[in-house]
Amino acid sequence: MRSSKTRLAVLATLAALPTAAVAYTAVAPYPSTVSATTYYSSGTYHGAVDVANSRCNYWGAETGVSATVYWNVTVRTSGVVCNGNGSGNQNEALLNLGSGWSFRQWHWIKTSDSYDRTCNRCQVGNLGGTGNATGPHSHFQKDQYGTKNTSWYSSYTTKGEALDRGELMGYI
Amino acid sequence: MPRVPPPRPSTPGDTTSPPAPTKAWRWRLGAVGGLLLLGVAWGLWPAAREEEAPVVGAPRPEQEASTEREAARHGAGQEVSAESGDALAAAPRYDPTTCWSDLARFDEGVRVDTFREWAAPLLASRDPLVRMYLKERLTELIGGDAGRALEVLSWTKEAGPKEFKVFAMALKDSEAVHRPEVARGILDLGLDTALEPERRAGVLSALDTQRRLSAETLTRLTDFAKDPASGEAGWAAARTLARVMRNDHARAADAAPYLDGLLTIGQESLDEHVRYMALSTPMETAPVLDARAVGRYAQVLTTEGSPDGRGAAAHNLALSEDPRRVLETFERAFGPEQDVCVRWALFRFSARAAGRDALPVMARMALTDPRFQTTYQDFERIYASGVMDFERVWLSLPDQDPYGCLHRD
Amino acid sequence: MNRRHLPVWVSLWLSSSPCLAAGAPDASVSRAPEPRAQACSVEGLMDSIRRGLQSGSPAYQRYLRELLKESAVTLPEAALREAFERETAPVMVEHLAAALAARTDRGEGVETLRLVAKRALGDADPAVRAAATRALRRTSAEEHTGDMYQRLVRDASPEVRAEAATNLIEDNQYVYAGAHGPASDVAVAAAVASSDPAVTARILGNISTAPISAESAQRIHALVDSDDARVRAAAVTALGGVPAAQMERARQVLATRYRDETDVGVRSAILQGLARLGFSSAIPELRRLRGVDPRLTGEADAWIQALSTGLQEWSLLLREKQRVGQAH
């Protein structure tokens, strides 16, 4: 029997359609110091959060989101690079957040763990400085359709602050 | 009674200069030592074992050994090369968690007036999980009570960084934050010049969960954010405006007063970061712009000095009540624009503004700047395939950053 | 005293006093607690969680759950497995199962997650099967458990079937952002495999079909002729979001189906599907259909009005349509 209740079900479904971007907690990938926030950066406009630790290729670079999600991993540099090898050569873990939103994590060094994967704070590489970098660090950037969003970092996370692994950086 | 140190190694501040090898060893010794000390403490202080009623079981020797085996088995990665001597040693893949004795009693008995004293040892720890619990527990304790909320607000004036984070975030998430006297207290403290900018930024951010802002509050935040002296606190004020705009838009579909304030900040602030926050963050609400907002954003396209700010204006202009006018604005702005990244914004957001109908305009842009010809062909092919939704168009692009605009690190 | 052999009620009674639970004298509630950091153990954590069930603080309960999950990678795996296999209370099974799944998702082997899957599929108690299934929500389970979801949606227990459907929907959105073909294909396969129309309809009506395979699209087409209106409505909703290569066929099927269909809910879903497939180019078709069913003239008009704004994103069009609907 066909019921008119179906219409209500369909309308209820409208609100639940997976169209809105979802929210996650961004966390530090290793013990680190906040070297740039989306507000503060030295030099040119940055629009991202950097966390750094000088021990290149020692710490594993955990994906900086505290949730199980699918990471698209792109390796552009295969060797060990700690102090930069030119813009565009950074290794990247990319999280699609839906509705055109993305969250990117850069500069890690390729390891055997560097492949597309669904995981929660798993190590996709080692702390490094691939791409446009002057030292080993991780760069976290959120954008929608290629436009940077700078509001995600927590105002309770400040430049120069020491973060433990897994400690809150912001909400994406 | 002596406290057993948390069994969590950490290296705060170990970031700005390469550590000496001794520092690495100190770390490793610290990690192992922490476990040993824990074991020793357990053995030396039987009273602790029997009288303190720990919430959790004692660490067993086999557990400790297992944990160390785990740490040894897992390096940071499996292709660690010897760039430095340290790299040969495997970094710990995981930090052991901390279990706290007496926490159940804390949870059951704690009140706002005892919170700071009781929570002090937990707040002093380097345990993110327990700090998150404290934040959530404090939110529960505040509840809808304005007096408790104002007491917690008073703590934020001089709390240390980690404490401050817990107090301010708990306040932000409480029901009492919606009481007018609490919101007013937060605003007054956030605008208090006696506090340092980072602390004011954190205090102001406690207003981010407001459901709406009064006209007076909106004006005060706008004026503050565009004040050259406001610094990071002004940046946070602009973000608060944008956040509450999102809340109010979801509730009442009304973004106009907030957008007006943000555009004023975006056009008048002398701080590039504050302007960018104000110009870009409406993207989180995605308001459909009326004629007035279109006019103001269009002005930003030609007057804003920062390429990122102009790009952000193009982003938000793409959603309007008059897509044709926006398309004309984009086409006019493209020729004089010298920055390839802003041109890329005008190009892609033409598609967001008018979909397939934007293709002729995009084709003319690609004639003006041949670097865009390949990208134009990508858009043309995707629209020809039948895809209309700009989100899917975007995901179908072979390269979402064809001009290296996200790579300005 | 080995508490694992005690009945649950005795264990809970003992746990209500932290001191008794640990075999220590009572502590005065009048003095301030003196929290001290200690290493975690499986048994200790389980005791804390049992005790925490009595707590009036959701924050404390969340903390204990997270603490066990976070500890899963440093606790001895064997102890965790043993506790899980021994446990029979659904609420505790769920905590331990979540911890075992967390181990896998943190980058350890898939065996612990598969242990949970085995319990979700095979435990004699439906409440335990449902609890284990819930524990796999928003994890990587779809990638490591073969046809588990096709089997779970056929479970004898409606609770298990419903939990499985929720997992597929939430994984699709929160783990894969609706953009991962294999995840959407797993969801479609499960929806088709289920003999419970409510489950089939819930899954199909709430996942992204943008990245599905041609085979999955074909399976959805087959459901458009279902006897159950809920399934038909969900199938046409799903067809509204198919990949570009499938769009033209979907458009034709929906337009034809509208006139033959009698259920108002299915027809409403067809209007939405057509709007999604065509955006502003769907307006002529919607105008042709608006007079077919007087009950849905307003609905067709609302879609036409929303599409006429020229908005180019489905999420924004949905928002606009809901706004238009509320205005009328």
# chains A, B, ... in the order shown; residues from 1 in each chain; ligands from 1
>>> select_by_dssp(residues="chain A", states="strand (DSSP E or B)", output="VMD selection string")
chain A and resid 25 to 27 32 to 36 49 to 52 60 to 62 65 69 to 74 92 to 98 101 to 106 109 117 to 119 123 to 126 137 to 144 147 to 149 153 162 to 163 168 to 171
>>> select_by_dssp(residues="region 86-292 of chain C", states="alpha helix (DSSP H)", output="number ranges by chain")
C: 86, 90-105, 111-122, 126-135, 148-152, 158-170, 181-193, 197-205, 214-223, 229-239, 244-260, 264-278, 283-289
>>> closest_atom_pairs(of="region 144-240 of chain C", to="region 50-71 of chain A", cutoff="12 Å", atoms="only C-alpha atoms", output="CSV")
residue,atom,partner,partner_atom,distance
C:Glu170,CA,A:Val69,CA,11.4
C:Asp171,CA,A:Val69,CA,8.8
C:Asn172,CA,A:Val69,CA,10.2
C:Gln173,CA,A:Val69,CA,9.9
C:Tyr174,CA,A:Val69,CA,7.1
C:Val175,CA,A:Val69,CA,4.2
C:Tyr176,CA,A:Tyr70,CA,5.6
C:Ala177,CA,A:Tyr70,CA,8.3
C:Gly178,CA,A:Tyr70,CA,10.6
C:Ala179,CA,A:Tyr70,CA,9.8
C:His180,CA,A:Tyr70,CA,8.5
C:Gly181,CA,A:Tyr70,CA,11.9
C:Pro182,CA,A:Tyr70,CA,11.7
C:Ala183,CA,A:Tyr70,CA,10.5
>>> residues_around(residues="Gly298 (chain C)", least_positions_apart="2", cutoff="12 Å", atoms="only C-alpha atoms", output="ChimeraX atom specification")
/C:268,271,286-287,289-296,300-305,321,324-328
>>> write_last_selection(atoms="N, CA and C atoms", output="mmCIF file, in the first residue's frame")
data_model
loop_
_atom_site.group_PDB
_atom_site.id
_atom_site.type_symbol
_atom_site.label_atom_id
_atom_site.label_comp_id
_atom_site.auth_asym_id
_atom_site.auth_seq_id
_atom_site.Cartn_x
_atom_site.Cartn_y
_atom_site.Cartn_z
ATOM 1 N N SER C 268 6.952 13.724 -5.140
ATOM 2 C CA SER C 268 7.701 14.851 -4.582
ATOM 3 C C SER C 268 9.211 14.611 -4.722
ATOM 4 N N LEU C 271 10.358 15.232 -8.262
ATOM 5 C CA LEU C 271 10.562 16.655 -8.559
ATOM 6 C C LEU C 271 11.943 17.100 -8.066
ATOM 7 N N LEU C 286 9.865 20.843 -15.164
ATOM 8 C CA LEU C 286 9.060 21.029 -13.953
ATOM 9 C C LEU C 286 7.768 21.778 -14.282
ATOM 10 N N ARG C 287 7.853 22.698 -15.215
ATOM 11 C CA ARG C 287 6.628 23.425 -15.607
ATOM 12 C C ARG C 287 5.649 22.461 -16.281
ATOM 13 N N LEU C 289 5.339 19.341 -15.652
ATOM 14 C CA LEU C 289 4.815 18.378 -14.678
ATOM 15 C C LEU C 289 3.937 19.020 -13.593
ATOM 16 N N ARG C 290 4.000 20.324 -13.446
ATOM 17 C CA ARG C 290 3.364 20.956 -12.278
ATOM 18 C C ARG C 290 1.846 20.773 -12.244
ATOM 19 N N GLY C 291 1.223 20.538 -13.401
ATOM 20 C CA GLY C 291 -0.217 20.369 -13.408
ATOM 21 C C GLY C 291 -0.674 18.919 -13.299
ATOM 22 N N VAL C 292 0.262 17.992 -13.319
ATOM 23 C CA VAL C 292 -0.113 16.569 -13.321
ATOM 24 C C VAL C 292 -0.788 16.181 -12.004
ATOM 25 N N ASP C 293 -0.246 16.647 -10.903
ATOM 26 C CA ASP C 293 -0.797 16.295 -9.589
ATOM 27 C C ASP C 293 -1.050 17.585 -8.810
ATOM 28 N N PRO C 294 -2.332 17.954 -8.652
ATOM 29 C CA PRO C 294 -2.642 19.226 -7.985
ATOM 30 C C PRO C 294 -2.067 19.309 -6.575
ATOM 31 N N ARG C 295 -1.853 18.145 -5.947
ATOM 32 C CA ARG C 295 -1.295 18.163 -4.594
ATOM 33 C C ARG C 295 0.136 18.708 -4.595
ATOM 34 N N LEU C 296 0.797 18.662 -5.752
ATOM 35 C CA LEU C 296 2.218 19.031 -5.793
ATOM 36 C C LEU C 296 2.497 20.266 -6.650
ATOM 37 N N ALA C 300 6.173 21.979 -6.995
ATOM 38 C CA ALA C 300 6.848 22.248 -8.277
ATOM 39 C C ALA C 300 7.190 23.729 -8.386
ATOM 40 N N ASP C 301 6.267 24.569 -7.967
ATOM 41 C CA ASP C 301 6.522 26.011 -8.025
ATOM 42 C C ASP C 301 7.695 26.408 -7.126
ATOM 43 N N ALA C 302 7.740 25.773 -5.960
ATOM 44 C CA ALA C 302 8.842 26.094 -5.033
ATOM 45 C C ALA C 302 10.187 25.739 -5.668
ATOM 46 N N TRP C 303 10.240 24.592 -6.335
ATOM 47 C CA TRP C 303 11.489 24.212 -7.008
ATOM 48 C C TRP C 303 11.811 25.178 -8.144
ATOM 49 N N ILE C 304 10.789 25.539 -8.901
ATOM 50 C CA ILE C 304 11.025 26.466 -10.018
ATOM 51 C C ILE C 304 11.559 27.794 -9.491
ATOM 52 N N GLN C 305 10.962 28.237 -8.384
ATOM 53 C CA GLN C 305 11.405 29.504 -7.798
ATOM 54 C C GLN C 305 12.849 29.404 -7.296
ATOM 55 N N LYS C 321 15.250 26.315 -1.414
ATOM 56 C CA LYS C 321 13.954 25.634 -1.554
ATOM 57 C C LYS C 321 13.253 25.539 -0.196
ATOM 58 N N VAL C 324 11.909 28.914 0.629
ATOM 59 C CA VAL C 324 10.700 29.195 -0.160
ATOM 60 C C VAL C 324 9.521 28.420 0.424
ATOM 61 N N GLY C 325 9.773 27.159 0.773
ATOM 62 C CA GLY C 325 8.714 26.321 1.329
ATOM 63 C C GLY C 325 8.163 26.880 2.623
ATOM 64 N N GLN C 326 9.082 27.431 3.454
ATOM 65 C CA GLN C 326 8.643 27.992 4.731
ATOM 66 C C GLN C 326 7.873 29.291 4.530
ATOM 67 N N ALA C 327 8.196 30.002 3.454
ATOM 68 C CA ALA C 327 7.551 31.294 3.204
ATOM 69 C C ALA C 327 6.109 31.126 2.764
ATOM 70 N N HIS C 328 5.819 29.947 2.189
ATOM 71 C CA HIS C 328 4.470 29.752 1.664
ATOM 72 C C HIS C 328 3.540 29.114 2.700
#
>>> closest_residue(among="B:Val340, B:Leu319, B:Ala201, B:Leu346", to="chain A", atoms="only C-alpha atoms")
B:Ala201
>>> interface_residues(of="chain A", to="chain B", cutoff="7 Å", atoms="only C-alpha atoms", output="JSON, numbers by chain")
{"A": [31, 32, 33, 39, 46, 52, 53, 54, 55, 57, 58, 59, 60, 87, 88, 99, 100, 111, 112, 113, 125, 126, 132, 147, 149, 150, 151, 155, 156, 162, 163, 164, 167]}
>>> residues_around(residues="region 104-121 of chain C", least_positions_apart="6", cutoff="8 Å", atoms="only C-alpha atoms", output="list in words")
Thr68, Thr118, Cys119, Asn120, Arg121, Cys122 and Gln123 of chain A; Val73, Arg81, Ala97, Val128, Arg129, Ala130, Ala131, Ala132, Thr133, Leu136, Thr139, Ser140, Ala141, His144, Thr145, Met148, Arg151 and Leu152 of chain C
